[in-house]
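Structure file coords20.cif (mmCIF, C-alpha atoms) follows.
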data_coords
loop_
_atom_site.label_atom_id
_atom_site.label_comp_id
_atom_site.auth_asym_id
_atom_site.auth_seq_id
_atom_site.Cartn_x
_atom_site.Cartn_y
_atom_site.Cartn_z
CA MET A 39 0.00 0.00 0.00
CA ILE A 40 2.86 2.33 0.74
CA LYS A 41 4.38 1.35 -2.59
CA ALA A 42 1.11 2.04 -4.32
CA GLU A 43 0.79 5.34 -2.51
CA THR A 44 4.38 6.21 -3.35
CA PHE A 45 3.78 5.23 -6.91
CA GLY A 46 0.67 7.50 -7.01
CA TRP A 47 2.70 10.37 -5.64
CA LYS A 48 5.46 9.76 -8.12
CA GLU A 49 2.95 9.80 -10.91
CA SER A 50 1.47 12.98 -9.50
CA MET A 51 4.96 14.50 -9.23
CA ASP A 52 5.76 13.44 -12.76
CA ARG A 53 2.46 14.88 -13.96
CA PHE A 54 3.13 18.12 -12.03
CA ALA A 55 6.65 18.26 -13.48
CA ALA A 56 5.26 17.79 -17.00
CA GLU A 57 2.60 20.42 -16.35
CA LYS A 58 5.32 22.65 -14.94
CA GLU A 59 7.37 22.19 -18.13
CA ASP A 60 4.31 22.82 -20.27
CA GLY A 61 3.59 25.96 -18.26
CA ARG A 62 7.20 27.09 -18.66
CA ALA A 63 7.07 26.41 -22.39
CA GLN A 64 3.80 28.35 -22.66
CA LEU A 65 5.27 31.15 -20.53
CA SER A 66 8.35 31.23 -22.73
CA SER A 67 6.15 31.31 -25.85
CA VAL A 68 4.00 34.11 -24.41
CA LYS A 69 7.17 36.03 -23.44
CA SER A 70 8.49 35.58 -26.97
CA GLN A 71 5.18 36.74 -28.45
CA LEU A 72 5.13 39.69 -26.04
CA ARG A 73 8.67 40.69 -27.10
CA GLY A 74 7.60 40.39 -30.75
CA MET A 75 4.55 42.53 -30.09
CA LYS A 76 6.65 45.09 -28.22
CA GLY A 77 9.02 45.20 -31.20
CA LYS A 78 6.13 45.62 -33.63
CA SER A 79 4.56 48.22 -31.35
CA SER A 80 7.85 50.08 -31.14
CA THR A 81 8.28 49.88 -34.91
CA GLN A 82 4.73 51.09 -35.47
CA ALA A 83 5.24 53.88 -32.93
CA ASN A 84 8.39 54.93 -34.80
CA LYS A 85 6.51 54.80 -38.13
CA ILE A 86 3.72 56.87 -36.62
CA LYS A 87 6.25 59.41 -35.36
CA ASP A 88 7.89 59.54 -38.79
CA LEU A 89 4.54 59.96 -40.51
CA GLU A 90 3.55 62.70 -38.06
CA ALA A 91 6.86 64.48 -38.69
CA ARG A 92 6.35 64.24 -42.46
CA LEU A 93 2.77 65.42 -42.10
CA ASP A 94 3.90 68.41 -40.03
CA SER A 95 6.58 69.19 -42.61
CA GLU A 96 4.12 68.96 -45.51
CA PHE A 97 1.60 71.10 -43.61
CA ALA A 98 4.23 73.76 -42.94
CA LYS A 99 5.27 73.66 -46.60
CA ALA A 100 1.65 73.97 -47.80
CA LYS A 101 1.03 76.82 -45.36
CA SER A 102 4.16 78.61 -46.59
CA GLU A 103 3.09 78.18 -50.23
CA ALA A 104 -0.39 79.45 -49.41
CA GLU A 105 1.07 82.54 -47.73
CA LYS A 106 3.33 83.11 -50.72
CA ALA A 107 0.40 82.75 -53.14
CA LYS A 108 -1.66 85.13 -51.02
CA THR A 109 1.15 87.70 -51.02
CA GLU A 110 1.55 87.41 -54.80
CA ALA A 111 -2.21 87.74 -55.31
CA GLU A 112 -2.31 90.84 -53.12
CA ALA A 113 0.59 92.33 -55.10
CA ILE A 114 -1.23 91.65 -58.36
CA VAL A 115 -4.39 93.25 -56.98
CA VAL A 116 -2.39 96.33 -55.99
CA ILE A 117 -0.91 96.55 -59.48
CA TYR A 118 -4.31 96.16 -61.16
CA ARG A 119 -5.82 98.80 -58.90
CA ALA A 120 -2.96 101.18 -59.69
CA ASP A 121 -3.39 100.48 -63.41
CA ALA A 122 -7.14 101.07 -63.16
CA GLU A 123 -6.58 104.35 -61.32
CA ALA A 124 -3.99 105.42 -63.90
CA ALA A 125 -6.42 104.55 -66.69
CA GLN A 126 -9.12 106.64 -65.02
CA VAL A 127 -6.73 109.58 -64.67
CA GLN A 128 -5.67 109.19 -68.29
CA ALA A 129 -9.31 109.03 -69.41
CA ARG A 130 -10.07 112.22 -67.47
CA GLU A 131 -7.03 113.95 -68.95
CA THR A 132 -8.00 112.79 -72.44
CA ALA A 133 -11.54 114.10 -71.95
CA GLU A 134 -10.19 117.41 -70.69
CA THR A 135 -7.78 117.62 -73.63
CA SER A 136 -10.60 116.83 -76.06
CA GLN A 137 -12.77 119.53 -74.52
CA THR A 138 -9.93 122.04 -74.70
CA GLN A 139 -9.21 121.06 -78.29
CA ALA A 140 -12.87 121.42 -79.23
CA HIS A 141 -12.93 124.85 -77.59
CA TRP A 142 -9.90 126.09 -79.54
CA ILE A 143 -11.16 124.65 -82.82
CA ALA A 144 -14.48 126.43 -82.30
CA GLU A 145 -12.58 129.60 -81.40
CA LEU A 146 -10.52 129.25 -84.59
CA ALA A 147 -13.68 128.89 -86.66
CA LYS A 148 -15.04 132.08 -85.06
CA CYS A 149 -11.81 133.95 -85.79
CA GLN A 150 -11.79 132.78 -89.40
CA SER A 151 -15.41 133.76 -89.83
CA ARG A 152 -14.74 137.23 -88.33
CA ARG A 153 -11.69 137.73 -90.56
CA GLU A 154 -13.63 136.62 -93.66
CA THR A 155 -16.46 138.99 -92.73
CA LEU A 156 -13.98 141.84 -92.30
CA GLU A 157 -12.37 140.97 -95.66
CA GLU A 158 -15.79 140.99 -97.35
CA ILE A 159 -16.56 144.40 -95.84
CA HIS A 160 -13.09 145.63 -96.91
CA ALA A 161 -13.75 144.33 -100.42
CA ARG A 162 -16.84 146.60 -100.55
CA GLY A 163 -14.66 149.64 -100.08
CA PHE A 164 -14.39 150.15 -96.36
CA ASP A 165 -10.90 150.58 -94.88
CA LEU A 166 -10.65 147.80 -92.27
CA THR A 167 -6.97 146.97 -92.83
CA ASP A 168 -6.02 147.35 -89.15
CA GLU A 169 -8.95 145.22 -87.99
CA ILE A 170 -8.14 142.53 -90.60
CA ILE A 171 -4.49 142.46 -89.50
CA LYS A 172 -5.53 142.15 -85.85
CA ALA A 173 -8.06 139.44 -86.75
CA LYS A 174 -5.37 137.52 -88.67
CA GLU A 175 -2.96 137.80 -85.74
CA HIS A 176 -5.64 136.60 -83.33
CA GLU A 177 -6.56 133.80 -85.76
CA ASP A 178 -2.90 132.72 -85.96
CA ASP A 179 -2.64 132.66 -82.17
CA VAL A 180 -5.77 130.54 -81.89
CA ARG A 181 -4.58 128.31 -84.76
CA VAL A 182 -1.37 127.60 -82.84
CA LEU A 183 -3.36 126.69 -79.73
CA ALA A 184 -5.79 124.52 -81.70
CA SER A 185 -3.03 122.79 -83.65
CA SER A 186 -1.07 121.96 -80.50
CA TYR A 187 -3.87 119.50 -79.63
CA ASP A 188 -3.94 118.05 -83.13
CA ASP A 189 -0.24 117.10 -83.10
CA ASP A 190 -1.08 113.66 -81.71
CA ASP A 191 -2.97 112.53 -84.82
CA GLY A 192 -0.79 114.45 -87.28
CA SER A 193 -3.49 116.81 -88.56
CA LYS A 194 -3.59 120.58 -88.16
CA SER A 195 -6.72 122.62 -87.93
CA GLY A 196 -4.84 125.68 -89.17
CA SER A 197 -3.32 126.30 -92.54
CA LYS A 198 -1.61 123.50 -94.45
CA ASN A 199 0.99 124.18 -97.09
CA GLY A 200 -0.02 127.84 -97.38
CA GLU A 201 -3.76 127.13 -97.83
CA ASP A 202 -6.44 128.70 -95.67
CA LEU A 203 -9.22 126.51 -94.22
CA ASP A 204 -11.63 127.54 -96.96
CA GLY A 205 -9.16 126.38 -99.62
CA GLU A 206 -7.94 129.82 -100.74
CA GLU A 207 -4.28 130.65 -101.00
CA ALA A 208 -3.05 132.55 -97.98
CA SER A 209 -1.00 135.65 -98.43
CA PRO A 210 2.63 135.65 -97.27
CA GLU A 211 1.54 137.83 -94.32
CA GLU A 212 -0.82 135.10 -93.09
CA ASN A 213 1.86 132.41 -93.25
#
Have the structure of the file written as structure tokens, please.
Amino acid sequence: MIKAETFGWKESMDRFAAEKEDGRAQLSSVKSQLRGMKGKSSTQANKIKDLEARLDSEFAKAKSEAEKAKTEAEAIVVIYRADAEAAQVQARETAETSQTQAHWIAELAKCQSRRETLEEIHARGFDLTDEIIKAKEHEDDVRVLASSYDDDDGSKSGSKNGEDLDGEEASPEEN
């Protein structure tokens, strides 16, 4: 009975030893898996850190490019506004010049009409030589003013090649 009991204990001890070895093997396997998982976790953490760093870098780069584009757009807007203002000023100046030119051309027509009237009266026998000379001088002054605005398009509203506006030959005094 003692031998049987001893044999039962030996079997139990052998079974416990085998279970102990199995437990150690499982523990070793779990430790190995845990180390592998820690390595993967560490690798993934490093990859995540690298990706976050790249993302931050790309974000900073995109933000810088956006600021640069905004600055360039603002500069272009300033230039276009300045050009628009300059165009408005030029349009005003052109309108003023056109009005001035129209005034002097009308004034020239009046002077020519007055001179022609005086010449017609002189032709009927009245002595208006002084008035005609003064009218011609005034007409020449106005012609100079009127023609100074015509220089841009190359035409003159005064005499051309010794001809008066009505097509008659001008005297040497008038030229």
Separation of CA of Trp142 in chain A and CA of Ala184 in chain A, in Å?
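Between these atoms lies a distance of 4.9 Å.
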Would you compute, for all listed atoms of range 97-113 of chain A, the axis-aligned bounding box grown by 4 Å on each side, and then report its centre and edge lengths in Å rounded to one decimal, as AutoDock Vina command-line options?
--center_x 1.5 --center_y 81.7 --center_z -49.1 --size_x 15.6 --size_y 29.2 --size_z 20.4
Could you please determine the separation between CA of Ala129 in chain A and CA of Val116 in chain A in Å, to one decimal place?
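Spanning CA of Ala129 in chain A to CA of Val116 in chain A is a straight-line distance of 19.7 Å.
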Here is a test: counting all atoms listed in the file, which residue of A:Asp165, A:Asp179, A:Glu110, A:Ser186 is nearest to Cys149 in chain A?
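Among A:Asp165, A:Asp179, A:Glu110, A:Ser186, it is A:Asp179 that comes nearest to Cys149 in chain A.
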Could you work out how far CA of Glu169 in chain A lies from CA of Glu157 in chain A, giving the answer in Å with one decimal?
9.4 Å
Any chance you could resolve the PyMOL selection byres ((chain A and resi 151) around 12) against this file and give the residues as a PyMOL selection string?
chain A and resi 144-150+152-158+170+173-174+177+202-204
His141 in chain A environment, 12 Å, only C-alpha atoms, sequence neighbours closer than 6 positions dropped, as a PyMOL selection string
chain A and resi 134-135+147-148+180-181+183-185+187
